[in-house]
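K.L.:
What follows is the file input04.cif, containing mmCIF, C-alpha atoms and all ligand atoms:
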data_run
#
loop_
_atom_site.group_PDB
_atom_site.id
_atom_site.type_symbol
_atom_site.label_atom_id
_atom_site.label_comp_id
_atom_site.auth_asym_id
_atom_site.auth_seq_id
_atom_site.Cartn_x
_atom_site.Cartn_y
_atom_site.Cartn_z
ATOM 1 C CA MET A 1 23.335 -53.745 -15.076
ATOM 2 C CA LYS A 2 24.240 -52.285 -18.440
ATOM 3 C CA ARG A 3 21.319 -54.029 -20.099
ATOM 4 C CA SER A 4 18.891 -52.947 -17.368
ATOM 5 C CA PHE A 5 19.913 -49.357 -17.918
ATOM 6 C CA ALA A 6 19.506 -49.717 -21.673
ATOM 7 C CA VAL A 7 16.024 -51.160 -21.187
ATOM 8 C CA PHE A 8 15.109 -48.345 -18.832
ATOM 9 C CA ALA A 9 16.413 -45.710 -21.246
ATOM 10 C CA ALA A 10 14.419 -47.272 -24.091
ATOM 11 C CA LEU A 11 11.287 -47.417 -21.931
ATOM 12 C CA ALA A 12 11.733 -43.818 -20.820
ATOM 13 C CA ALA A 13 12.069 -42.760 -24.454
ATOM 14 C CA LEU A 14 8.746 -44.472 -25.044
ATOM 15 C CA ALA A 15 7.056 -42.266 -22.489
ATOM 16 C CA ALA A 16 7.478 -39.359 -24.887
ATOM 17 C CA TYR A 17 6.043 -41.465 -27.683
ATOM 18 C CA ALA A 18 3.039 -42.483 -25.598
ATOM 19 C CA ALA A 19 2.315 -38.900 -24.577
ATOM 20 C CA ALA A 20 2.444 -37.821 -28.217
ATOM 21 C CA ALA A 21 0.190 -40.601 -29.466
ATOM 22 C CA LEU A 22 -2.283 -41.040 -26.659
ATOM 23 C CA ALA A 23 -5.204 -41.679 -28.963
ATOM 24 C CA GLU A 24 -3.588 -44.800 -30.377
ATOM 25 C CA PRO A 25 -3.146 -47.949 -28.282
ATOM 26 C CA LEU A 26 0.489 -48.758 -27.487
ATOM 27 C CA PRO A 27 1.685 -51.466 -29.930
ATOM 28 C CA VAL A 28 3.045 -54.409 -27.933
ATOM 29 C CA THR A 29 4.378 -57.726 -29.262
ATOM 30 C CA VAL A 30 4.698 -60.932 -27.248
ATOM 31 C CA SER A 31 6.292 -64.260 -28.161
ATOM 32 C CA ILE A 32 3.386 -66.642 -27.465
ATOM 33 C CA ALA A 33 -0.404 -66.551 -27.140
ATOM 34 C CA PRO A 34 -0.651 -67.056 -23.340
ATOM 35 C CA GLN A 35 1.443 -63.901 -22.893
ATOM 36 C CA ALA A 36 -1.069 -61.981 -25.001
ATOM 37 C CA TYR A 37 -3.693 -62.958 -22.436
ATOM 38 C CA PHE A 38 -1.535 -61.627 -19.564
ATOM 39 C CA ALA A 39 -0.646 -58.422 -21.441
ATOM 40 C CA LYS A 40 -4.286 -57.703 -22.329
ATOM 41 C CA ARG A 41 -5.383 -58.271 -18.751
ATOM 42 C CA VAL A 42 -2.785 -55.754 -17.551
ATOM 43 C CA GLY A 43 -2.932 -53.300 -20.453
ATOM 44 C CA GLY A 44 -6.591 -53.415 -21.455
ATOM 45 C CA ASP A 45 -7.594 -50.987 -24.204
ATOM 46 C CA ARG A 46 -4.474 -48.909 -23.805
ATOM 47 C CA ILE A 47 -2.385 -51.502 -25.661
ATOM 48 C CA ALA A 48 -2.672 -53.471 -28.928
ATOM 49 C CA VAL A 49 -1.050 -56.892 -28.625
ATOM 50 C CA SER A 50 0.493 -58.941 -31.445
ATOM 51 C CA VAL A 51 1.716 -62.532 -31.025
ATOM 52 C CA MET A 52 4.958 -63.609 -32.706
ATOM 53 C CA VAL A 53 4.491 -67.419 -32.727
ATOM 54 C CA PRO A 54 1.309 -68.336 -34.619
ATOM 55 C CA ALA A 55 -1.132 -70.993 -33.386
ATOM 56 C CA GLY A 56 0.081 -74.502 -34.162
ATOM 57 C CA ALA A 57 3.764 -73.584 -34.498
ATOM 58 C CA ASP A 58 6.455 -75.055 -32.253
ATOM 59 C CA ALA A 59 7.609 -72.135 -30.093
ATOM 60 C CA HIS A 60 10.978 -73.780 -29.484
ATOM 61 C CA THR A 61 12.134 -73.868 -33.094
ATOM 62 C CA PHE A 62 10.073 -70.973 -34.438
ATOM 63 C CA GLU A 63 11.618 -68.602 -36.977
ATOM 64 C CA PRO A 64 9.917 -65.260 -37.683
ATOM 65 C CA LYS A 65 8.998 -64.469 -41.285
ATOM 66 C CA PRO A 66 10.424 -61.337 -42.971
ATOM 67 C CA SER A 67 6.900 -59.875 -42.911
ATOM 68 C CA GLN A 68 6.837 -60.315 -39.117
ATOM 69 C CA MET A 69 10.193 -58.588 -38.791
ATOM 70 C CA ALA A 70 8.800 -55.690 -40.808
ATOM 71 C CA ALA A 71 5.626 -55.537 -38.699
ATOM 72 C CA LEU A 72 7.730 -55.525 -35.549
ATOM 73 C CA GLN A 73 9.026 -52.073 -36.444
ATOM 74 C CA LYS A 74 5.688 -50.663 -35.323
ATOM 75 C CA ALA A 75 5.923 -52.318 -31.903
ATOM 76 C CA ARG A 76 7.040 -50.177 -28.986
ATOM 77 C CA LEU A 77 7.404 -52.970 -26.423
ATOM 78 C CA TYR A 78 8.366 -56.618 -26.780
ATOM 79 C CA PHE A 79 7.570 -58.947 -23.892
ATOM 80 C CA ALA A 80 9.989 -61.882 -24.042
ATOM 81 C CA VAL A 81 9.179 -65.018 -22.017
ATOM 82 C CA GLY A 82 12.448 -66.964 -22.334
ATOM 83 C CA ILE A 83 11.274 -69.501 -24.921
ATOM 84 C CA ASP A 84 14.076 -71.011 -26.972
ATOM 85 C CA PHE A 85 13.757 -69.111 -30.248
ATOM 86 C CA GLU A 86 14.236 -65.802 -28.427
ATOM 87 C CA ALA A 87 17.913 -66.499 -27.703
ATOM 88 C CA ALA A 88 18.731 -66.231 -31.402
ATOM 89 C CA TRP A 89 16.061 -63.703 -32.377
ATOM 90 C CA LEU A 90 15.871 -61.029 -29.660
ATOM 91 C CA PRO A 91 19.147 -59.434 -30.809
ATOM 92 C CA ARG A 92 17.776 -59.360 -34.358
ATOM 93 C CA PHE A 93 14.496 -57.874 -33.125
ATOM 94 C CA ALA A 94 16.450 -55.168 -31.312
ATOM 95 C CA ALA A 95 18.491 -54.399 -34.440
ATOM 96 C CA ALA A 96 15.436 -54.352 -36.707
ATOM 97 C CA SER A 97 13.272 -52.290 -34.326
ATOM 98 C CA PRO A 98 15.511 -49.780 -32.550
ATOM 99 C CA GLY A 99 12.478 -47.905 -31.195
ATOM 100 C CA MET A 100 11.173 -50.987 -29.401
ATOM 101 C CA ALA A 101 12.083 -51.850 -25.794
ATOM 102 C CA ILE A 102 12.563 -55.568 -25.117
ATOM 103 C CA VAL A 103 11.415 -56.624 -21.637
ATOM 104 C CA ARG A 104 12.412 -60.053 -20.343
ATOM 105 C CA THR A 105 9.363 -60.909 -18.274
ATOM 106 C CA ASP A 106 11.021 -64.142 -17.076
ATOM 107 C CA GLU A 107 14.078 -62.335 -15.728
ATOM 108 C CA LYS A 108 13.132 -62.704 -12.046
ATOM 109 C CA ILE A 109 11.932 -66.301 -12.340
ATOM 110 C CA VAL A 110 14.163 -68.978 -10.836
ATOM 111 C CA LYS A 111 14.065 -71.664 -13.511
ATOM 112 C CA ILE A 112 13.903 -75.373 -12.832
ATOM 113 C CA ALA A 113 15.723 -78.094 -14.744
ATOM 114 C CA MET A 114 13.978 -79.900 -17.586
ATOM 115 C CA VAL A 115 12.873 -83.433 -16.716
ATOM 116 C CA PRO A 116 15.846 -85.327 -18.108
ATOM 117 C CA HIS A 117 14.316 -88.783 -18.579
ATOM 118 C CA ALA A 118 10.964 -90.315 -17.803
ATOM 119 C CA HIS A 119 12.768 -93.228 -16.173
ATOM 120 C CA ASP A 120 15.480 -91.176 -14.552
ATOM 121 C CA HIS A 121 14.098 -90.923 -11.069
ATOM 122 C CA ASP A 122 14.936 -88.203 -8.655
ATOM 123 C CA ALA A 123 15.468 -89.211 -5.069
ATOM 124 C CA ASP A 124 12.300 -87.420 -4.019
ATOM 125 C CA THR A 125 9.829 -89.051 -6.397
ATOM 126 C CA PRO A 126 7.303 -91.338 -4.715
ATOM 127 C CA ASP A 127 8.768 -94.542 -6.105
ATOM 128 C CA ALA A 128 12.406 -93.672 -5.433
ATOM 129 C CA GLY A 129 14.438 -96.668 -4.506
ATOM 130 C CA HIS A 130 12.882 -99.132 -6.907
ATOM 131 C CA ASP A 131 15.460 -101.155 -8.700
ATOM 132 C CA HIS A 132 15.734 -99.420 -11.981
ATOM 133 C CA ALA A 133 18.362 -101.511 -13.707
ATOM 134 C CA ALA A 134 16.515 -104.747 -13.087
ATOM 135 C CA ASP A 135 13.166 -103.762 -14.504
ATOM 136 C CA THR A 136 13.932 -101.978 -17.755
ATOM 137 C CA PRO A 137 14.892 -103.574 -21.041
ATOM 138 C CA GLU A 138 18.086 -101.552 -21.276
ATOM 139 C CA VAL A 139 19.873 -103.098 -18.334
ATOM 140 C CA GLY A 140 23.163 -101.465 -17.560
ATOM 141 C CA HIS A 141 22.869 -98.547 -19.890
ATOM 142 C CA ASP A 142 24.553 -95.473 -18.635
ATOM 143 C CA HIS A 143 22.181 -92.569 -18.184
ATOM 144 C CA ALA A 144 24.897 -89.984 -17.754
ATOM 145 C CA ALA A 145 26.477 -90.994 -21.043
ATOM 146 C CA ASP A 146 23.333 -90.875 -23.144
ATOM 147 C CA LYS A 147 22.328 -87.555 -21.656
ATOM 148 C CA ALA A 148 25.614 -86.052 -22.751
ATOM 149 C CA GLU A 149 25.295 -87.279 -26.318
ATOM 150 C CA SER A 150 21.710 -86.134 -26.758
ATOM 151 C CA GLY A 151 21.296 -83.317 -29.212
ATOM 152 C CA HIS A 152 19.101 -80.333 -28.756
ATOM 153 C CA GLY A 153 16.208 -81.585 -30.806
ATOM 154 C CA HIS A 154 13.646 -78.863 -31.033
ATOM 155 C CA GLY A 155 15.604 -76.645 -28.765
ATOM 156 C CA HIS A 156 15.048 -77.649 -25.172
ATOM 157 C CA GLY A 157 17.995 -78.084 -22.950
ATOM 158 C CA HIS A 158 20.107 -75.073 -23.578
ATOM 159 C CA GLU A 159 21.420 -74.722 -20.040
ATOM 160 C CA GLY A 160 19.002 -77.571 -19.286
ATOM 161 C CA LEU A 161 16.426 -75.137 -17.893
ATOM 162 C CA ASP A 162 12.685 -75.431 -18.324
ATOM 163 C CA PRO A 163 11.326 -72.520 -20.416
ATOM 164 C CA HIS A 164 7.607 -73.261 -19.819
ATOM 165 C CA VAL A 165 7.143 -70.566 -17.170
ATOM 166 C CA TRP A 166 3.689 -69.469 -18.378
ATOM 167 C CA LEU A 167 1.926 -72.579 -17.059
ATOM 168 C CA SER A 168 1.968 -71.962 -13.309
ATOM 169 C CA PRO A 169 0.112 -69.074 -11.595
ATOM 170 C CA ALA A 170 3.049 -68.102 -9.377
ATOM 171 C CA GLN A 171 5.397 -67.721 -12.358
ATOM 172 C CA VAL A 172 2.729 -65.877 -14.341
ATOM 173 C CA LYS A 173 2.418 -63.359 -11.528
ATOM 174 C CA ILE A 174 6.116 -62.521 -11.869
ATOM 175 C CA GLN A 175 5.709 -62.034 -15.636
ATOM 176 C CA ALA A 176 2.598 -59.885 -15.190
ATOM 177 C CA THR A 177 4.464 -57.717 -12.674
ATOM 178 C CA ALA A 178 7.231 -57.117 -15.235
ATOM 179 C CA MET A 179 4.585 -56.235 -17.845
ATOM 180 C CA ARG A 180 2.844 -53.806 -15.486
ATOM 181 C CA ASP A 181 6.073 -52.044 -14.535
ATOM 182 C CA ALA A 182 7.243 -51.729 -18.165
ATOM 183 C CA LEU A 183 3.848 -50.409 -19.298
ATOM 184 C CA ILE A 184 3.829 -47.792 -16.537
ATOM 185 C CA ILE A 185 7.247 -46.542 -17.658
ATOM 186 C CA ALA A 186 6.297 -46.596 -21.341
ATOM 187 C CA ASP A 187 2.902 -44.953 -20.786
ATOM 188 C CA PRO A 188 2.855 -43.163 -17.399
ATOM 189 C CA ALA A 189 -0.584 -41.687 -18.059
ATOM 190 C CA GLY A 190 -1.979 -45.238 -17.909
ATOM 191 C CA ALA A 191 -0.322 -46.120 -14.588
ATOM 192 C CA ASP A 192 -3.593 -46.439 -12.658
ATOM 193 C CA ALA A 193 -5.165 -48.571 -15.388
ATOM 194 C CA TYR A 194 -2.131 -50.876 -15.558
ATOM 195 C CA ARG A 195 -2.092 -51.267 -11.760
ATOM 196 C CA ALA A 196 -5.800 -52.057 -11.745
ATOM 197 C CA GLY A 197 -5.426 -54.534 -14.615
ATOM 198 C CA TYR A 198 -2.550 -56.238 -12.865
ATOM 199 C CA ASP A 199 -4.406 -56.375 -9.532
ATOM 200 C CA ALA A 200 -7.431 -58.042 -11.147
ATOM 201 C CA LEU A 201 -5.214 -60.582 -12.901
ATOM 202 C CA ALA A 202 -3.244 -61.247 -9.701
ATOM 203 C CA ALA A 203 -6.533 -61.904 -7.863
ATOM 204 C CA ASP A 204 -7.552 -64.409 -10.557
ATOM 205 C CA LEU A 205 -4.143 -66.075 -10.362
ATOM 206 C CA GLY A 206 -4.511 -66.422 -6.605
ATOM 207 C CA ALA A 207 -7.989 -67.896 -6.932
ATOM 208 C CA LEU A 208 -6.851 -70.318 -9.644
ATOM 209 C CA ASN A 209 -3.904 -71.433 -7.541
ATOM 210 C CA ALA A 210 -6.157 -72.061 -4.538
ATOM 211 C CA LYS A 211 -8.592 -74.034 -6.676
ATOM 212 C CA LEU A 212 -5.902 -76.208 -8.280
ATOM 213 C CA THR A 213 -4.195 -76.762 -4.926
ATOM 214 C CA GLY A 214 -7.523 -78.058 -3.594
ATOM 215 C CA ILE A 215 -8.101 -80.323 -6.595
ATOM 216 C CA PHE A 216 -4.686 -81.972 -6.517
ATOM 217 C CA ALA A 217 -4.507 -82.226 -2.722
ATOM 218 C CA GLN A 218 -7.149 -84.953 -2.990
ATOM 219 C CA LEU A 219 -4.901 -87.273 -5.001
ATOM 220 C CA PRO A 220 -3.173 -90.045 -3.050
ATOM 221 C CA PRO A 221 0.666 -90.123 -3.250
ATOM 222 C CA GLU A 222 0.671 -93.090 -5.651
ATOM 223 C CA ARG A 223 -1.645 -91.335 -8.125
ATOM 224 C CA ARG A 224 0.394 -88.201 -8.703
ATOM 225 C CA LYS A 225 2.133 -89.018 -11.966
ATOM 226 C CA PHE A 226 1.040 -87.932 -15.374
ATOM 227 C CA MET A 227 2.625 -88.671 -18.733
ATOM 228 C CA VAL A 228 2.976 -86.123 -21.509
ATOM 229 C CA PHE A 229 4.569 -86.269 -24.924
ATOM 230 C CA HIS A 230 6.294 -82.898 -24.576
ATOM 231 C CA PRO A 231 7.225 -81.927 -20.981
ATOM 232 C CA ALA A 232 5.642 -78.465 -20.837
ATOM 233 C CA TRP A 233 4.148 -78.850 -17.357
ATOM 234 C CA GLY A 234 7.217 -78.862 -15.090
ATOM 235 C CA TYR A 235 6.308 -75.691 -13.134
ATOM 236 C CA PHE A 236 2.692 -76.823 -12.898
ATOM 237 C CA ALA A 237 3.769 -80.241 -11.582
ATOM 238 C CA ARG A 238 6.110 -78.728 -9.033
ATOM 239 C CA GLN A 239 3.466 -76.315 -7.774
ATOM 240 C CA TYR A 240 0.880 -79.030 -7.135
ATOM 241 C CA GLY A 241 3.144 -81.861 -5.965
ATOM 242 C CA LEU A 242 2.799 -83.901 -9.154
ATOM 243 C CA THR A 243 5.362 -85.772 -11.236
ATOM 244 C CA GLN A 244 5.511 -85.186 -14.971
ATOM 245 C CA GLU A 245 6.892 -87.953 -17.149
ATOM 246 C CA ALA A 246 7.785 -87.300 -20.779
ATOM 247 C CA VAL A 247 7.678 -89.489 -23.860
ATOM 248 C CA GLU A 248 9.974 -87.056 -25.590
ATOM 249 C CA ARG A 249 13.692 -87.239 -24.799
ATOM 250 C CA GLU A 250 15.243 -83.800 -24.316
ATOM 251 C CA GLY A 251 13.297 -82.309 -27.146
ATOM 252 C CA LYS A 252 13.674 -85.282 -29.464
ATOM 253 C CA GLU A 253 11.420 -88.113 -30.568
ATOM 254 C CA PRO A 254 12.404 -91.216 -28.575
ATOM 255 C CA GLY A 255 14.261 -94.043 -30.318
ATOM 256 C CA PRO A 256 12.791 -97.588 -30.244
ATOM 257 C CA GLY A 257 14.725 -98.567 -27.106
ATOM 258 C CA GLU A 258 13.708 -95.379 -25.323
ATOM 259 C CA LEU A 259 10.104 -95.848 -26.359
ATOM 260 C CA ALA A 260 10.179 -99.364 -24.898
ATOM 261 C CA ALA A 261 11.502 -97.905 -21.642
ATOM 262 C CA VAL A 262 8.726 -95.297 -21.614
ATOM 263 C CA ILE A 263 6.091 -97.995 -22.108
ATOM 264 C CA ASP A 264 7.643 -100.041 -19.331
ATOM 265 C CA GLU A 265 7.591 -97.054 -17.026
ATOM 266 C CA ALA A 266 4.016 -96.157 -17.916
ATOM 267 C CA LYS A 267 2.853 -99.698 -17.130
ATOM 268 C CA LYS A 268 4.701 -99.746 -13.838
ATOM 269 C CA ASP A 269 3.264 -96.392 -12.797
ATOM 270 C CA GLY A 270 -0.278 -97.299 -13.758
ATOM 271 C CA VAL A 271 -0.415 -94.497 -16.347
ATOM 272 C CA ARG A 272 -3.648 -94.647 -18.342
ATOM 273 C CA VAL A 273 -3.502 -91.398 -20.285
ATOM 274 C CA ILE A 274 -0.791 -89.880 -22.481
ATOM 275 C CA PHE A 275 -1.217 -86.131 -22.855
ATOM 276 C CA VAL A 276 -0.297 -84.554 -26.162
ATOM 277 C CA GLN A 277 -0.394 -81.002 -27.441
ATOM 278 C CA PRO A 278 -1.576 -79.782 -30.857
ATOM 279 C CA GLN A 279 1.871 -78.473 -31.816
ATOM 280 C CA PHE A 280 3.510 -81.901 -31.968
ATOM 281 C CA SER A 281 2.950 -85.227 -33.733
ATOM 282 C CA THR A 282 1.010 -87.750 -31.652
ATOM 283 C CA ARG A 283 2.640 -90.762 -33.342
ATOM 284 C CA ASN A 284 4.813 -91.859 -30.389
ATOM 285 C CA ALA A 285 2.116 -91.048 -27.860
ATOM 286 C CA ASP A 286 -0.238 -93.288 -29.855
ATOM 287 C CA VAL A 287 2.311 -96.120 -29.703
ATOM 288 C CA VAL A 288 2.653 -95.808 -25.921
ATOM 289 C CA ALA A 289 -1.100 -95.492 -25.390
ATOM 290 C CA LYS A 290 -1.763 -98.598 -27.474
ATOM 291 C CA ALA A 291 0.890 -100.589 -25.620
ATOM 292 C CA ILE A 292 -0.570 -99.726 -22.210
ATOM 293 C CA GLY A 293 -4.201 -99.892 -23.317
ATOM 294 C CA GLY A 294 -4.572 -96.229 -22.469
ATOM 295 C CA ALA A 295 -5.894 -93.096 -24.098
ATOM 296 C CA VAL A 296 -4.351 -90.084 -25.787
ATOM 297 C CA VAL A 297 -5.763 -86.771 -24.567
ATOM 298 C CA ALA A 298 -4.905 -83.321 -25.930
ATOM 299 C CA VAL A 299 -4.091 -80.425 -23.594
ATOM 300 C CA ASP A 300 -2.748 -77.186 -25.027
ATOM 301 C CA PRO A 301 0.032 -75.293 -23.220
ATOM 302 C CA MET A 302 -0.170 -72.536 -25.857
ATOM 303 C CA ALA A 303 -3.870 -71.636 -25.614
ATOM 304 C CA GLY A 304 -4.734 -67.944 -25.748
ATOM 305 C CA ASP A 305 -7.719 -68.223 -23.370
ATOM 306 C CA TRP A 306 -5.225 -68.905 -20.622
ATOM 307 C CA LEU A 307 -7.352 -68.873 -17.460
ATOM 308 C CA ALA A 308 -10.165 -71.067 -18.796
ATOM 309 C CA ASN A 309 -7.614 -73.368 -20.416
ATOM 310 C CA MET A 310 -5.708 -73.878 -17.155
ATOM 311 C CA GLU A 311 -8.905 -75.060 -15.455
ATOM 312 C CA LYS A 312 -9.604 -77.384 -18.375
ATOM 313 C CA VAL A 313 -6.083 -78.841 -18.249
ATOM 314 C CA ALA A 314 -6.243 -79.288 -14.474
ATOM 315 C CA ALA A 315 -9.533 -81.188 -14.833
ATOM 316 C CA ALA A 316 -7.977 -83.426 -17.512
ATOM 317 C CA PHE A 317 -4.918 -84.153 -15.342
ATOM 318 C CA GLN A 318 -7.111 -84.838 -12.332
ATOM 319 C CA ALA A 319 -9.332 -87.231 -14.304
ATOM 320 C CA ALA A 320 -6.265 -89.117 -15.575
ATOM 321 C CA MET A 321 -4.708 -89.513 -12.125
ATOM 322 C CA LYS A 322 -7.598 -90.242 -9.807
HETATM 323 ZN ZN ZN B 1 7.660 -76.702 -24.956
#
In structure tokens, write the structure found in this file.
Ligand code: ZN
P.N.:
Amino acid sequence: MKRSFAVFAALAALAAYAAAALAEPLPVTVSIAPQAYFAKRVGGDRIAVSVMVPAGADAHTFEPKPSQMAALQKARLYFAVGIDFEAAWLPRFAAASPGMAIVRTDEKIVKIAMVPHAHDHDADTPDAGHDHAADTPEVGHDHAADKAESGHGHGHGHEGLDPHVWLSPAQVKIQATAMRDALIIADPAGADAYRAGYDALAADLGALNAKLTGIFAQLPPERRKFMVFHPAWGYFARQYGLTQEAVEREGKEPGPGELAAVIDEAKKDGVRVIFVQPQFSTRNADVVAKAIGGAVVAVDPMAGDWLANMEKVAAAFQAAMK
């Protein structure tokens, strides 16, 4: 409650700023490139958007440069998305840029758990009930124990919640709503423009969701698994009734035994494609792909041309599963 009030007070203070500087676009900073797409769709020409995490960087372990901290002093709004680096850096952003309101656009999103293990089956996955212990090389190993000892790797797993909320239309709609509402408070004169921008984006999100629902509805139950190096597609998978399996183990490169288990799982599930993203090494994905006689295909969860990219990714997933 206290923080909400503080955010509101900071946003209200911005209204005065916006009125005084109407000729200039409102300087807004976001954490990652997909958010810049959402913010521009909502804010249009009334805002100027900067992205904190540069292309190619790992958003989980990212550390802003001093020059970025200095540049942030010009920003009037910061749209946080809940990606790992923010936990350590948002307080520093607030201290360095007292005139900037930080808006947590993921605040109203109910987060899901990260996929703990590729071979750690939930009761509701299609192949639940297969005898796990008998068909993996690490017979008898205790999943609960090795989960507990796993480190944080590149940052996933604090609270065990999945931070990749920008990769499913329904979650994006919640973020865009938070952006719209914050922009209206910060720049009341633009309220109609922000509502119109949001409405157009929301319509596109609805159309995308309908299209992807149609695409994935055609897949039979036994062809609904896809394998990725880094498990960025948890919300996407949930939305379309798919199962995401990860090569990575809780944000870390798999050890040799774990890699063997991944390969085993991939073979059993008839996986033919390992999806990788440009921000991470493809070394382990290459090993798995070679072992199963499959292919490595790049899909980018961080692309700035969000809408077109989502269609591209969906087509790649569909091609790999059908
Ligand atoms: Zn990630």
K.L.:
On this structure, the PyMOL selection byres (((not hetatm)) within 7 of (chain B and resi 1)) would catch which residues? List them as a tab-separated table (two decimals) with C-alpha atoms, in the coordinates of the input, sorted by chain and number.
P.N.:
chain	number	residue	atom	x	y	z
A	59	ALA	CA	7.61	-72.14	-30.09
A	60	HIS	CA	10.98	-73.78	-29.48
A	164	HIS	CA	7.61	-73.26	-19.82
A	230	HIS	CA	6.29	-82.90	-24.58
A	231	PRO	CA	7.22	-81.93	-20.98
A	232	ALA	CA	5.64	-78.46	-20.84
K.L.:
Expanded to explicit residues, what is the PyMOL selection byres (((chain A and resi 215-218) around 9) and not hetatm) for this file, as a list in words?
P.N.:
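Expected selection for the PyMOL selection byres (((chain A and resi 215-218) around 9) and not hetatm) here is Ala210, Lys211, Leu212, Thr213, Gly214, Leu219, Pro220, Arg224, Tyr240, Gly241, Leu242, Ala314, Ala315, Gln318 and Lys322 of chain A.
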K.L.:
What is the CA of Glu24 in chain A to CA of Pro98 in chain A distance in Å?
P.N.:
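We find that CA of Glu24 in chain A and CA of Pro98 in chain A lie 19.9 Å from each other.
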K.L.:
Counting only C-alpha atoms, select every polymer residue within 7 Å of (13.4, -62.7, -23.1) as defined in the file's coordinates, and provide the selection as a count of residues only.
P.N.:
9
K.L.:
Which is closest to Phe8 in chain A among A:Arg76, A:Ile185, A:Val172, A:Lys40, if we use all atoms listed in the file?
P.N.:
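Counting all atoms listed in the file, the residue closest to Phe8 in chain A is A:Ile185.
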K.L.:
List the spatial neighbours of range 282-291 of chain A as a list in words - criterion: any atom at most 8 Å away, all atoms listed in the file, same-chain residues fewer than 5 positions off excluded.
P.N.:
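Result of the neighbour search: Phe229, Val247, Glu253, Pro254, Leu259, Val262, Ile263, Arg272, Val273, Ile274, Phe275, Val276 and Val296 of chain A.
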K.L.:
Write the residues of the preceding selection, restricted to C-alpha atoms, as a compact mmCIF listing (two decimals), in the frame of the given file.
P.N.:
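Contents of the output file part_14.txt:
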# COMPACT_ATOMS: atom_id res chain seq x y z
CA PHE A 229 4.57 -86.27 -24.92
CA VAL A 247 7.68 -89.49 -23.86
CA GLU A 253 11.42 -88.11 -30.57
CA PRO A 254 12.40 -91.22 -28.58
CA LEU A 259 10.10 -95.85 -26.36
CA VAL A 262 8.73 -95.30 -21.61
CA ILE A 263 6.09 -98.00 -22.11
CA ARG A 272 -3.65 -94.65 -18.34
CA VAL A 273 -3.50 -91.40 -20.28
CA ILE A 274 -0.79 -89.88 -22.48
CA PHE A 275 -1.22 -86.13 -22.86
CA VAL A 276 -0.30 -84.55 -26.16
CA VAL A 296 -4.35 -90.08 -25.79
K.L.:
Report as a PyMOL selection string the residues that result from applying the PyMOL selection byres (((chain A and resi 244) around 7) and not hetatm) to the structure here.
P.N.:
chain A and resi 225-227+233-234+237+242-243+245-246
K.L.:
Could you jot down the CA of Val28 in chain A to CA of Met310 in chain A separation for me, Å, one decimal place?
P.N.:
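Separating CA of Val28 in chain A from CA of Met310 in chain A is a distance of 23.9 Å.
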K.L.:
Expressed in Å to a single decimal, how great is the separation between CA of Gly255 in chain A and CA of Phe317 in chain A?
P.N.:
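Pair CA of Gly255 in chain A / CA of Phe317 in chain A returns 26.3 Å.
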K.L.:
Nearest residue to Ala200 in chain A out of A:Val42, A:Val228, A:Pro278, A:Glu311, using all atoms listed in the file?
P.N.:
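Closest residue, counting all atoms listed in the file: A:Val42.
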K.L.:
Between A:Trp306, A:Trp89, A:Phe62, A:Tyr235, which has the minimum distance to Val110 in chain A (counting only C-alpha atoms)?
P.N.:
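Among the listed residues, the smallest separation from Val110 in chain A belongs to A:Tyr235.
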K.L.:
Between A:Gln279, A:Pro301, A:Phe93, A:Ile47, single out the one closest to Pro163 in chain A, counting all atoms listed in the file.
P.N.:
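Of all the options, A:Pro301 lies closest to Pro163 in chain A.
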K.L.:
Excluding Gly56 in chain A and residues on its chain fewer than 2 positions from it, collect all residues at most 10 Å away from it, counting all atoms listed in the file, and give them as a PyMOL selection string.
P.N.:
chain A and resi 53-54+58-59+277-280+300+302-303
K.L.:
If you count all atoms listed in the file, which residues fall within 9 Å of Ser97 in chain A, apart from same-chain ones fewer than 4 positions away, as a compact mmCIF listing (two decimals) with C-alpha atoms, in the frame of the given file?
P.N.:
# COMPACT_ATOMS: atom_id res chain seq x y z
CA MET A 69 10.19 -58.59 -38.79
CA ALA A 70 8.80 -55.69 -40.81
CA LEU A 72 7.73 -55.52 -35.55
CA GLN A 73 9.03 -52.07 -36.44
CA LYS A 74 5.69 -50.66 -35.32
CA ALA A 75 5.92 -52.32 -31.90
CA ARG A 76 7.04 -50.18 -28.99
CA ARG A 92 17.78 -59.36 -34.36
CA PHE A 93 14.50 -57.87 -33.12
CA ALA A 101 12.08 -51.85 -25.79
K.L.:
Extract, using all atoms listed in the file, all DNA, RNA and protein residues at most 12 Å from Gly197 in chain A, discarding same-chain residues fewer than 3 positions from it, and format them as a list of chain:residue names.
P.N.:
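Selected residues are A:Tyr37, A:Phe38, A:Ala39, A:Lys40, A:Arg41, A:Val42, A:Gly43, A:Gly44, A:Asp45, A:Arg46, A:Ile47, A:Ala176, A:Thr177, A:Met179, A:Arg180, A:Asp181, A:Leu183, A:Ile184, A:Gly190, A:Ala191, A:Asp192, A:Ala193, A:Tyr194, A:Ala200, A:Leu201, A:Ala202, A:Ala203, A:Asp204.
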